[in-house]
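K.L.:
So here's entry_19.txt, just compact mmCIF, C-alpha atoms (C1' of nucleotides):
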# COMPACT_ATOMS: atom_id res chain seq x y z
CA MET Z 3 -14.72 104.77 -92.74
CA PRO Z 4 -16.79 102.47 -90.48
CA LYS Z 5 -15.29 99.31 -89.05
CA GLU Z 6 -16.75 96.19 -90.60
CA VAL Z 7 -16.03 93.88 -87.72
CA VAL Z 8 -17.94 94.43 -84.51
CA ILE Z 9 -15.69 93.91 -81.56
CA VAL Z 10 -16.85 93.42 -78.00
CA ASN Z 11 -14.42 93.79 -75.16
CA ASN Z 12 -12.46 96.16 -77.29
CA ASN Z 13 -10.36 97.54 -74.48
CA LYS Z 14 -9.24 94.22 -73.13
CA LEU Z 15 -8.41 93.00 -76.60
CA ILE Z 16 -6.38 96.02 -77.54
CA LYS Z 17 -4.59 96.06 -74.23
CA LEU Z 18 -3.61 92.43 -74.63
CA LEU Z 19 -2.31 92.99 -78.13
CA LYS Z 20 -0.39 96.12 -77.21
CA GLN Z 21 1.13 94.45 -74.16
CA ASN Z 22 2.67 91.97 -76.52
CA GLY Z 23 3.96 94.52 -78.96
CA LEU Z 24 1.50 93.59 -81.67
CA SER Z 25 -0.14 96.08 -83.94
CA ILE Z 26 -3.92 96.19 -83.86
CA THR Z 27 -5.49 94.64 -86.89
CA ASP Z 28 -8.96 93.33 -87.64
CA SER Z 29 -7.87 89.72 -87.88
CA ARG Z 30 -5.98 89.76 -84.61
CA ARG Z 31 -8.89 91.37 -82.83
CA LYS Z 32 -11.38 88.94 -84.30
CA ILE Z 33 -9.34 85.84 -83.53
CA LEU Z 34 -8.44 86.97 -80.05
CA GLN Z 35 -12.07 87.76 -79.43
CA LEU Z 36 -12.99 84.19 -80.34
CA PHE Z 37 -10.67 82.95 -77.62
CA LEU Z 38 -11.91 85.43 -75.03
CA GLU Z 39 -15.57 84.53 -75.52
CA GLN Z 40 -14.83 80.80 -75.54
CA ASP Z 41 -14.76 78.41 -72.62
CA GLY Z 42 -12.82 75.58 -74.20
CA ALA Z 43 -9.97 75.39 -76.64
CA LEU Z 44 -10.21 75.92 -80.36
CA ALA Z 45 -8.75 73.86 -83.16
CA HIS Z 46 -7.39 75.61 -86.20
CA GLY Z 47 -10.38 74.39 -88.15
CA ASP Z 48 -12.82 75.97 -85.69
CA ILE Z 49 -11.09 79.29 -85.99
CA GLU Z 50 -11.00 79.14 -89.73
CA LYS Z 51 -14.73 78.42 -89.81
CA LYS Z 52 -15.59 81.24 -87.44
CA ALA Z 53 -13.13 83.85 -88.61
CA GLY Z 54 -12.08 82.58 -92.01
CA GLU Z 55 -15.06 83.89 -93.91
CA LYS Z 56 -13.68 87.29 -93.29
CA PHE Z 57 -9.97 86.54 -93.36
CA ASP Z 58 -7.63 84.59 -95.54
CA ARG Z 59 -6.57 81.14 -94.41
CA VAL Z 60 -2.95 82.17 -94.41
CA THR Z 61 -3.74 85.08 -92.11
CA VAL Z 62 -5.32 82.71 -89.62
CA TYR Z 63 -2.24 80.49 -89.65
CA ARG Z 64 0.09 83.43 -89.19
CA THR Z 65 -2.02 85.01 -86.49
CA LEU Z 66 -2.18 81.82 -84.46
CA GLN Z 67 1.54 81.34 -84.88
CA ILE Z 68 2.32 84.83 -83.63
CA PHE Z 69 -0.06 84.44 -80.69
CA VAL Z 70 1.74 81.26 -79.68
CA ASP Z 71 5.14 82.93 -80.09
CA LYS Z 72 4.06 85.85 -77.92
CA GLY Z 73 2.63 83.62 -75.23
CA ILE Z 74 -0.97 84.73 -75.72
CA ILE Z 75 -2.21 81.26 -76.53
CA HIS Z 76 -0.73 77.79 -76.08
CA THR Z 77 -1.12 74.53 -77.95
CA ILE Z 78 -2.68 71.38 -76.59
CA PRO Z 79 -1.55 68.07 -78.06
CA THR Z 80 -4.23 65.64 -79.13
CA ALA Z 81 -4.26 62.14 -80.52
CA ASP Z 82 -6.20 63.04 -83.63
CA ASN Z 83 -3.75 65.27 -85.46
CA SER Z 84 -5.57 68.49 -84.76
CA ILE Z 85 -3.75 70.93 -82.52
CA ARG Z 86 -6.00 72.83 -80.15
CA TYR Z 87 -5.23 76.33 -78.96
CA ALA Z 88 -6.26 78.01 -75.71
CA LEU Z 89 -5.58 81.31 -73.98
CA CYS Z 90 -2.56 81.45 -71.70
CA LYS Z 91 -2.63 82.78 -68.19
CA ASP Z 92 -0.91 86.06 -67.44
CA GLU Z 93 2.43 84.55 -66.47
CA CYS Z 94 3.17 83.51 -70.02
CA GLY Z 95 5.21 85.73 -72.26
CA GLU Z 96 7.36 85.74 -75.35
CA GLY Z 97 9.61 82.73 -75.44
CA HIS Z 98 8.42 81.18 -72.23
CA HIS Z 99 5.12 79.46 -71.61
CA HIS Z 100 4.23 78.61 -68.04
CA ASP Z 101 1.26 76.35 -68.38
CA HIS Z 102 1.30 73.92 -65.55
CA HIS Z 103 -2.36 73.08 -65.72
CA ILE Z 104 -3.76 69.94 -67.27
CA HIS Z 105 -6.11 69.60 -70.22
CA PHE Z 106 -9.36 67.73 -70.45
CA VAL Z 107 -11.05 66.46 -73.59
CA CYS Z 108 -14.70 65.40 -73.40
CA ASP Z 109 -15.53 62.12 -75.11
CA ASN Z 110 -19.05 63.26 -75.68
CA CYS Z 111 -18.99 66.85 -76.88
CA ASN Z 112 -15.33 66.81 -77.85
CA THR Z 113 -14.70 70.12 -76.09
CA THR Z 114 -11.19 70.70 -74.79
CA TYR Z 115 -10.84 72.48 -71.46
CA CYS Z 116 -7.91 73.97 -69.62
CA LEU Z 117 -8.33 72.89 -66.01
CA ASP Z 118 -6.41 75.79 -64.56
CA ASP Z 119 -6.75 74.60 -60.98
CA VAL Z 120 -5.32 71.16 -61.59
CA VAL Z 121 -1.54 71.26 -61.68
CA THR Z 122 0.58 68.72 -63.51
CA PRO Z 123 1.95 66.06 -61.16
CA GLU Z 124 5.62 65.39 -60.54
CA ILE Z 125 6.80 62.55 -62.73
CA LYS Z 126 9.69 60.39 -61.61
CA LEU Z 127 11.67 59.44 -64.69
CA PRO Z 128 14.09 56.54 -65.16
CA LYS Z 129 17.80 57.19 -64.74
CA GLY Z 130 19.23 59.13 -67.64
CA TYR Z 131 16.15 61.10 -68.55
CA SER Z 132 15.74 64.71 -67.49
CA ALA Z 133 12.32 66.33 -67.57
CA GLY Z 134 11.39 69.64 -69.05
CA HIS Z 135 7.74 70.30 -69.66
CA VAL Z 136 5.07 67.80 -68.60
CA GLU Z 137 1.87 67.65 -70.57
CA VAL Z 138 -1.20 65.88 -69.18
CA VAL Z 139 -4.35 65.32 -71.19
CA VAL Z 140 -7.27 63.58 -69.51
CA GLU Z 141 -10.04 62.19 -71.63
CA GLY Z 142 -13.46 61.59 -70.06
CA VAL Z 143 -16.88 63.20 -69.62
CA CYS Z 144 -17.11 66.91 -68.90
CA LYS Z 145 -19.31 68.85 -66.53
CA ASN Z 146 -21.89 69.62 -69.19
CA CYS Z 147 -22.26 66.08 -70.50
CA GLN Z 148 -22.65 64.03 -67.31
CA MET C 26 8.69 32.78 -106.59
CA PRO C 27 11.23 34.33 -104.21
CA LYS C 28 10.16 36.83 -101.58
CA GLU C 29 11.38 40.33 -102.30
CA VAL C 30 11.22 41.55 -98.74
CA VAL C 31 13.69 40.07 -96.29
CA ILE C 32 12.04 39.57 -92.96
CA VAL C 33 13.87 39.02 -89.69
CA ASN C 34 12.03 37.69 -86.70
CA ASN C 35 9.63 36.02 -89.02
CA ASN C 36 8.08 33.77 -86.42
CA LYS C 37 7.34 36.49 -83.94
CA LEU C 38 5.88 38.70 -86.61
CA ILE C 39 3.61 36.04 -88.02
CA LYS C 40 2.49 34.95 -84.60
CA LEU C 41 1.57 38.50 -83.68
CA LEU C 42 -0.40 39.00 -86.85
CA LYS C 43 -2.22 35.68 -86.59
CA GLN C 44 -3.06 36.28 -82.93
CA ASN C 45 -4.95 39.32 -84.09
CA GLY C 46 -6.75 37.59 -86.90
CA LEU C 47 -4.84 39.38 -89.62
CA SER C 48 -3.75 37.75 -92.81
CA ILE C 49 -0.03 37.72 -93.49
CA THR C 50 0.96 40.19 -96.14
CA ASP C 51 4.25 41.77 -97.12
CA SER C 52 3.25 45.25 -96.04
CA ARG C 53 2.01 44.16 -92.63
CA ARG C 54 5.17 42.17 -92.02
CA LYS C 55 7.40 45.01 -93.14
CA ILE C 56 5.64 47.68 -91.07
CA LEU C 57 5.39 45.49 -87.99
CA GLN C 58 9.07 44.67 -88.39
CA LEU C 59 9.88 48.38 -88.31
CA PHE C 60 8.20 48.66 -84.93
CA LEU C 61 9.85 45.54 -83.53
CA GLU C 62 13.36 46.65 -84.43
CA GLN C 63 12.77 50.18 -83.17
CA ASP C 64 13.34 51.57 -79.70
CA GLY C 65 11.23 54.70 -79.93
CA ALA C 66 7.96 55.53 -81.59
CA LEU C 67 7.43 56.17 -85.27
CA ALA C 68 5.52 58.93 -86.99
CA HIS C 69 3.53 58.18 -90.07
CA GLY C 70 6.14 60.00 -92.11
CA ASP C 71 8.94 57.82 -90.76
CA ILE C 72 7.08 54.71 -91.72
CA GLU C 73 6.28 55.99 -95.13
CA LYS C 74 9.94 56.80 -95.74
CA LYS C 75 11.16 53.42 -94.56
CA ALA C 76 8.44 51.24 -95.96
CA GLY C 77 6.82 53.47 -98.52
CA GLU C 78 9.32 52.87 -101.26
CA LYS C 79 7.98 49.41 -101.43
CA PHE C 80 4.36 50.05 -100.57
CA ASP C 81 1.73 52.53 -101.52
CA ARG C 82 0.99 55.42 -99.19
CA VAL C 83 -2.59 54.31 -98.86
CA THR C 84 -1.47 50.87 -97.75
CA VAL C 85 0.63 52.40 -95.00
CA TYR C 86 -2.33 54.42 -93.76
CA ARG C 87 -4.60 51.41 -93.79
CA THR C 88 -2.06 49.13 -92.16
CA LEU C 89 -1.41 51.55 -89.31
CA GLN C 90 -5.13 52.03 -88.83
CA ILE C 91 -5.76 48.30 -88.60
CA PHE C 92 -2.84 47.85 -86.19
CA VAL C 93 -4.31 50.51 -83.93
CA ASP C 94 -7.76 48.94 -84.15
CA LYS C 95 -6.39 45.53 -83.24
CA GLY C 96 -4.38 46.86 -80.33
CA ILE C 97 -1.00 46.06 -81.81
CA ILE C 98 0.19 49.67 -81.75
CA HIS C 99 -1.08 52.79 -80.00
CA THR C 100 -0.95 56.48 -80.82
CA ILE C 101 0.96 59.12 -78.89
CA PRO C 102 -0.33 62.68 -79.02
CA THR C 103 2.19 65.41 -79.79
CA ALA C 104 2.07 69.17 -80.00
CA ASP C 105 3.28 69.30 -83.58
CA ASN C 106 0.43 67.65 -85.42
CA SER C 107 2.27 64.46 -86.13
CA ILE C 108 0.86 61.39 -84.46
CA ARG C 109 3.47 58.90 -83.30
CA TYR C 110 2.84 55.19 -83.11
CA ALA C 111 4.41 52.62 -80.80
CA LEU C 112 3.98 48.94 -80.07
CA CYS C 113 1.47 48.01 -77.39
CA LYS C 114 2.17 45.66 -74.53
CA ASP C 115 0.51 42.27 -74.52
CA GLU C 116 -2.52 43.32 -72.50
CA CYS C 117 -3.90 45.38 -75.34
CA GLY C 118 -6.40 43.89 -77.70
CA GLU C 119 -9.12 44.73 -80.17
CA GLY C 120 -11.26 47.58 -78.90
CA HIS C 121 -9.39 48.10 -75.65
CA HIS C 122 -5.99 49.65 -75.21
CA HIS C 123 -4.39 49.40 -71.79
CA ASP C 124 -1.47 51.74 -71.98
CA HIS C 125 -0.88 53.18 -68.58
CA HIS C 126 2.71 54.16 -69.22
CA ILE C 127 3.88 57.66 -69.97
CA HIS C 128 5.61 58.94 -73.07
CA PHE C 129 8.81 60.89 -73.37
CA VAL C 130 9.89 63.12 -76.26
CA CYS C 131 13.53 64.17 -76.47
CA ASP C 132 14.11 67.84 -77.22
CA ASN C 133 17.41 67.03 -78.81
CA CYS C 134 17.02 63.98 -81.00
CA ASN C 135 13.23 64.20 -81.15
CA THR C 136 12.88 60.51 -80.41
CA THR C 137 9.67 59.45 -78.67
CA TYR C 138 9.93 56.71 -76.05
CA CYS C 139 7.36 54.66 -74.21
CA LEU C 140 8.52 54.60 -70.59
CA ASP C 141 6.82 51.36 -69.74
CA ASP C 142 7.90 51.40 -66.12
CA VAL C 143 6.50 54.84 -65.34
CA VAL C 144 2.78 54.64 -64.72
CA THR C 145 0.42 57.55 -65.21
CA PRO C 146 -0.39 59.32 -61.94
CA GLU C 147 -3.85 59.67 -60.46
CA ILE C 148 -5.35 63.01 -61.40
CA LYS C 149 -7.91 64.63 -59.12
CA LEU C 150 -10.41 66.41 -61.34
CA PRO C 151 -12.78 69.24 -60.42
CA LYS C 152 -16.36 68.39 -59.50
CA GLY C 153 -18.39 67.37 -62.52
CA TYR C 154 -15.61 65.86 -64.56
CA SER C 155 -15.11 62.11 -64.76
CA ALA C 156 -11.85 60.70 -65.99
CA GLY C 157 -11.32 58.01 -68.55
CA HIS C 158 -7.88 57.69 -70.02
CA VAL C 159 -4.97 59.84 -68.82
CA GLU C 160 -2.21 60.68 -71.25
CA VAL C 161 1.13 62.02 -70.01
CA VAL C 162 3.84 63.27 -72.35
CA VAL C 163 7.08 64.50 -70.83
CA GLU C 164 9.43 66.57 -72.93
CA GLY C 165 13.10 66.74 -71.95
CA VAL C 166 16.48 65.19 -72.72
CA CYS C 167 16.74 61.46 -73.21
CA LYS C 168 19.30 58.95 -72.01
CA ASN C 169 21.28 59.11 -75.23
CA CYS C 170 21.49 62.89 -75.45
CA GLN C 171 22.56 63.92 -71.93
C1' DT H 28 -4.02 115.47 -90.36
C1' DA H 29 -1.10 114.15 -94.15
C1' DT H 30 2.68 111.38 -95.36
C1' DA H 31 6.35 108.00 -95.34
C1' DA H 32 8.02 103.79 -93.49
C1' DA H 33 6.97 99.41 -91.59
C1' DA H 34 4.00 95.66 -90.81
C1' DA H 35 0.38 92.70 -92.00
C1' DA H 36 -3.04 90.78 -95.19
C1' DG H 37 -4.36 88.75 -99.36
C1' DC H 38 -3.46 86.16 -103.33
C1' DA H 39 -1.62 82.50 -106.02
C1' DA H 40 0.82 78.69 -106.41
C1' DC H 41 2.53 74.84 -104.40
C1' DA H 42 3.70 70.88 -101.05
C1' DA H 43 2.29 67.62 -97.88
C1' DT H 44 -1.10 64.86 -95.80
C1' DG H 45 -5.11 62.21 -95.66
C1' DT H 46 -9.42 59.89 -97.97
C1' DT H 47 -12.37 57.14 -101.21
C1' DG H 48 -13.85 53.94 -104.90
C1' DC H 49 -12.60 50.56 -107.77
C1' DA H 50 -9.89 47.15 -110.50
C1' DA H 51 -6.01 44.02 -110.01
C1' DA H 52 -3.23 41.09 -107.19
C1' DA H 53 -2.26 38.27 -103.34
C1' DG H 54 -3.65 35.41 -99.49
C1' DA H 55 -6.65 31.90 -97.29
C1' DT H 56 -9.41 27.82 -97.65
C1' DA H 57 -10.94 23.59 -99.19
C1' DT D 17 -4.85 23.93 -107.66
C1' DA D 18 -9.28 26.38 -107.99
C1' DT D 19 -12.22 29.54 -105.80
C1' DC D 20 -13.49 32.93 -102.68
C1' DT D 21 -12.08 36.63 -99.78
C1' DT D 22 -9.02 40.06 -98.45
C1' DT D 23 -5.70 43.35 -99.40
C1' DT D 24 -3.15 46.23 -102.45
C1' DG D 25 -2.22 49.79 -105.80
C1' DC D 26 -3.86 53.30 -108.52
C1' DA D 27 -6.14 57.48 -109.60
C1' DA D 28 -8.51 61.10 -108.31
C1' DC D 29 -9.72 64.13 -104.96
C1' DA D 30 -10.13 66.82 -100.39
C1' DT D 31 -7.90 68.97 -96.68
C1' DT D 32 -4.24 71.10 -94.45
C1' DG D 33 -0.19 73.72 -94.23
C1' DT D 34 3.68 76.69 -96.52
C1' DT D 35 6.07 80.32 -99.31
C1' DG D 36 6.99 84.46 -102.15
C1' DC D 37 5.35 88.52 -103.59
C1' DT D 38 2.12 92.53 -104.19
C1' DT D 39 -1.29 95.36 -102.16
C1' DT D 40 -3.35 97.19 -98.21
C1' DT D 41 -3.40 98.63 -93.54
C1' DT D 42 -1.26 100.30 -89.50
C1' DT D 43 2.00 102.98 -87.11
C1' DA D 44 5.18 106.61 -86.44
C1' DT D 45 6.40 111.27 -87.59
C1' DA D 46 6.31 115.58 -89.42
Kindly present the structure from the file in structure tokens form.

P.N.:
Amino acid sequence: MPKEVVIVNNNKLIKLLKQNGLSITDSRRKILQLFLEQDGALAHGDIEKKAGEKFDRVTVYRTLQIFVDKGIIHTIPTADNSIRYALCKDECGEGHHHDHHIHFVCDNCNTTYCLDDVVTPEIKLPKGYSAGHVEVVVEGVCKNCQ
Amino acid sequence: MPKEVVIVNNNKLIKLLKQNGLSITDSRRKILQLFLEQDGALAHGDIEKKAGEKFDRVTVYRTLQIFVDKGIIHTIPTADNSIRYALCKDECGEGHHHDHHIHFVCDNCNTTYCLDDVVTPEIKLPKGYSAGHVEVVVEGVCKNCQ
DNA sequence: TATAAAAAAGCAACAATGTTGCAAAAGATA
DNA sequence: TATCTTTTGCAACATTGTTGCTTTTTTATA
């Protein structure tokens, strides 16, 4: 029985899934592939458009959820009620995300980038507050839209 | 005809609405009052629960939208797809928000605070990117939950 | 490789959230 | 108070997200 979905980068994909104790299914390969061949982040809607013709909407939700749980992707907060997702670096794992980079959203093309080389700054909080994770989102014009 | 909605701080409310060229209506007074008597930020859902018994859902949406447009409140991005709203400082106005403070979300009580005294840090971006607004959200434990 | 057990996907139904057009009501103005 | 303008509420709809259950696929094992 021939596979219906053509997968590039098959080895990397499968390795990444296996590393995280996930079974190899078409939807997981397809959705992970989208992230691997993508520079910026993806909103749920993007993924549903690109992968959803082949997979049920519920499957996309569950797949993204499990990828976040396993530390394969992370979420990026936005001001427009549409969570973006992007691949995590290798240090992330189940139960603990280590994303200390900042995020950049382009005003023009609306692409969201992980700026992996820009670390989140130290924030001095008022007395009584203790900091956990710090999330920085910069909005501006990206390298392709200048 | 007696007013049904009891409004505290009536003068301040009305002044704020008039300053922004808005007509004085029950729903605007009620929703603005919620923000004035509130320490943290409010999600749309919160507002709908507190004000929505008296006002239509659509009215709440439209009122929040117009408050944002006029620079009376601003939005705070979160990672859980629920935009929070908080009062702006005086410098904000129609078409230009000037919120350089950071936001804090408590892990425990889930309250969102505007830390008005903590300014957003300078972020050095990679070549090719130009920064507009910088949004910082710190997640941790707040003063009331330590 | 065939089979059984476990995991995931698909489906249907539903809940919550957000949007639009239009008629009715309330507010502003003279 | 009368009139014009703005806002509200309603209804209908679109989109987004969730849940339970059955079928299919994957994995483990003989």

K.L.:
What is the distance between atom CA of Arg86 of chain Z and atom CA of Gly47 of chain Z, in Å to one decimal?

P.N.:
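Straight-line distance from atom CA of Arg86 of chain Z to atom CA of Gly47 of chain Z works out to 9.3 Å.
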
K.L.:
Taking only residues of segment 46-110 of chain Z that have an atom at most 12 Å from an atom of segment 24-39 of chain Z, what is each one's shortest atom pair and its distance in Å to one decimal, using only C-alpha atoms, in chain and number order, as JSON lines?

P.N.:
{"residue": "Z:His46", "atom": "CA", "partner": "Z:Ile33", "partner_atom": "CA", "distance": 10.8}
{"residue": "Z:Asp48", "atom": "CA", "partner": "Z:Leu36", "partner_atom": "CA", "distance": 9.8}
{"residue": "Z:Ile49", "atom": "CA", "partner": "Z:Ile33", "partner_atom": "CA", "distance": 7.2}
{"residue": "Z:Glu50", "atom": "CA", "partner": "Z:Ile33", "partner_atom": "CA", "distance": 9.3}
{"residue": "Z:Lys51", "atom": "CA", "partner": "Z:Ile33", "partner_atom": "CA", "distance": 11.1}
{"residue": "Z:Lys52", "atom": "CA", "partner": "Z:Leu36", "partner_atom": "CA", "distance": 8.1}
{"residue": "Z:Ala53", "atom": "CA", "partner": "Z:Ile33", "partner_atom": "CA", "distance": 6.6}
{"residue": "Z:Gly54", "atom": "CA", "partner": "Z:Ser29", "partner_atom": "CA", "distance": 9.3}
{"residue": "Z:Glu55", "atom": "CA", "partner": "Z:Ser29", "partner_atom": "CA", "distance": 11.0}
{"residue": "Z:Lys56", "atom": "CA", "partner": "Z:Ser29", "partner_atom": "CA", "distance": 8.3}
{"residue": "Z:Phe57", "atom": "CA", "partner": "Z:Ser29", "partner_atom": "CA", "distance": 6.7}
{"residue": "Z:Asp58", "atom": "CA", "partner": "Z:Ser29", "partner_atom": "CA", "distance": 9.2}
{"residue": "Z:Arg59", "atom": "CA", "partner": "Z:Ser29", "partner_atom": "CA", "distance": 10.9}
{"residue": "Z:Val60", "atom": "CA", "partner": "Z:Ser29", "partner_atom": "CA", "distance": 11.1}
{"residue": "Z:Thr61", "atom": "CA", "partner": "Z:Ser29", "partner_atom": "CA", "distance": 7.5}
{"residue": "Z:Val62", "atom": "CA", "partner": "Z:Ser29", "partner_atom": "CA", "distance": 7.7}
{"residue": "Z:Tyr63", "atom": "CA", "partner": "Z:Ile33", "partner_atom": "CA", "distance": 10.8}
{"residue": "Z:Arg64", "atom": "CA", "partner": "Z:Arg30", "partner_atom": "CA", "distance": 9.9}
{"residue": "Z:Thr65", "atom": "CA", "partner": "Z:Arg30", "partner_atom": "CA", "distance": 6.5}
{"residue": "Z:Leu66", "atom": "CA", "partner": "Z:Ile33", "partner_atom": "CA", "distance": 8.3}
{"residue": "Z:Gln67", "atom": "CA", "partner": "Z:Arg30", "partner_atom": "CA", "distance": 11.3}
{"residue": "Z:Ile68", "atom": "CA", "partner": "Z:Leu24", "partner_atom": "CA", "distance": 9.0}
{"residue": "Z:Phe69", "atom": "CA", "partner": "Z:Leu34", "partner_atom": "CA", "distance": 8.8}
{"residue": "Z:Val70", "atom": "CA", "partner": "Z:Leu34", "partner_atom": "CA", "distance": 11.7}
{"residue": "Z:Asp71", "atom": "CA", "partner": "Z:Leu24", "partner_atom": "CA", "distance": 11.4}
{"residue": "Z:Lys72", "atom": "CA", "partner": "Z:Leu24", "partner_atom": "CA", "distance": 9.0}
{"residue": "Z:Gly73", "atom": "CA", "partner": "Z:Leu24", "partner_atom": "CA", "distance": 11.9}
{"residue": "Z:Ile74", "atom": "CA", "partner": "Z:Leu34", "partner_atom": "CA", "distance": 8.9}
{"residue": "Z:Ile75", "atom": "CA", "partner": "Z:Phe37", "partner_atom": "CA", "distance": 8.7}
{"residue": "Z:His76", "atom": "CA", "partner": "Z:Phe37", "partner_atom": "CA", "distance": 11.3}
{"residue": "Z:Arg86", "atom": "CA", "partner": "Z:Phe37", "partner_atom": "CA", "distance": 11.4}
{"residue": "Z:Tyr87", "atom": "CA", "partner": "Z:Phe37", "partner_atom": "CA", "distance": 8.7}
{"residue": "Z:Ala88", "atom": "CA", "partner": "Z:Phe37", "partner_atom": "CA", "distance": 6.9}
{"residue": "Z:Leu89", "atom": "CA", "partner": "Z:Phe37", "partner_atom": "CA", "distance": 6.5}
{"residue": "Z:Cys90", "atom": "CA", "partner": "Z:Phe37", "partner_atom": "CA", "distance": 10.2}
{"residue": "Z:Lys91", "atom": "CA", "partner": "Z:Leu38", "partner_atom": "CA", "distance": 11.8}
{"residue": "Z:Glu96", "atom": "CA", "partner": "Z:Leu24", "partner_atom": "CA", "distance": 11.7}

K.L.:
Let me know the centre plus edge lengths, in Å and rounded to one decimal, of a box with edges along x, y and z that contains all listed atoms of segment 39-45 of chain D and is padded by 4 Å on every side, as JSON.

P.N.:
{"center_x": 1.5, "center_y": 103.3, "center_z": -94.3, "size_x": 17.8, "size_y": 23.9, "size_z": 23.7}

K.L.:
Between atom CA of Cys167 of chain C and atom CA of Lys126 of chain Z, measure the distance and give it in Å to one decimal.

P.N.:
13.6 Å

K.L.:
For chain H, list the residues within 12 Å of chain C, counting only C-alpha atoms (C1' of nucleotides), and write the list as a PDB file with C-alpha atoms (C1' of nucleotides), in the coordinates of the input.

P.N.:
ATOM      1  C1'  DA H  43       2.290  67.620 -97.880  1.00  0.00           C
ATOM      2  C1'  DT H  44      -1.100  64.860 -95.800  1.00  0.00           C
ATOM      3  C1'  DG H  45      -5.110  62.210 -95.660  1.00  0.00           C
ATOM      4  C1'  DT H  46      -9.420  59.890 -97.970  1.00  0.00           C
ATOM      5  C1'  DT H  47     -12.370  57.140-101.210  1.00  0.00           C
ATOM      6  C1'  DA H  52      -3.230  41.090-107.190  1.00  0.00           C
ATOM      7  C1'  DA H  53      -2.260  38.270-103.340  1.00  0.00           C
ATOM      8  C1'  DG H  54      -3.650  35.410 -99.490  1.00  0.00           C
ATOM      9  C1'  DA H  55      -6.650  31.900 -97.290  1.00  0.00           C
TER      10       DA H  55
END

K.L.:
Please determine the contact residues of chain D with respect to chain Z at a cut-off of 9 Å, counting all atoms listed in the file, and supply them as a list in words.

P.N.:
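So the residues of chain D near chain Z are DG33, DT34, DT41, DT42 and DT43 of chain D.
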
K.L.:
Would you list which chain Z residues are within 7 Å of chain C using only C-alpha atoms, as a PyMOL selection string?

P.N.:
chain Z and resi 77-81+83-85+120+127+130-145

K.L.:
By how many Å are atom C1' of DA29 of chain H and atom C1' of DT40 of chain D apart?

P.N.:
17.6 Å

K.L.:
List the neighbours of DC37 of chain D out to 12 Å using all atoms listed in the file; skip same-chain residues closer than 5 positions along the sequence, and give me the result as a PyMOL selection string.

P.N.:
chain H and resi 37-40
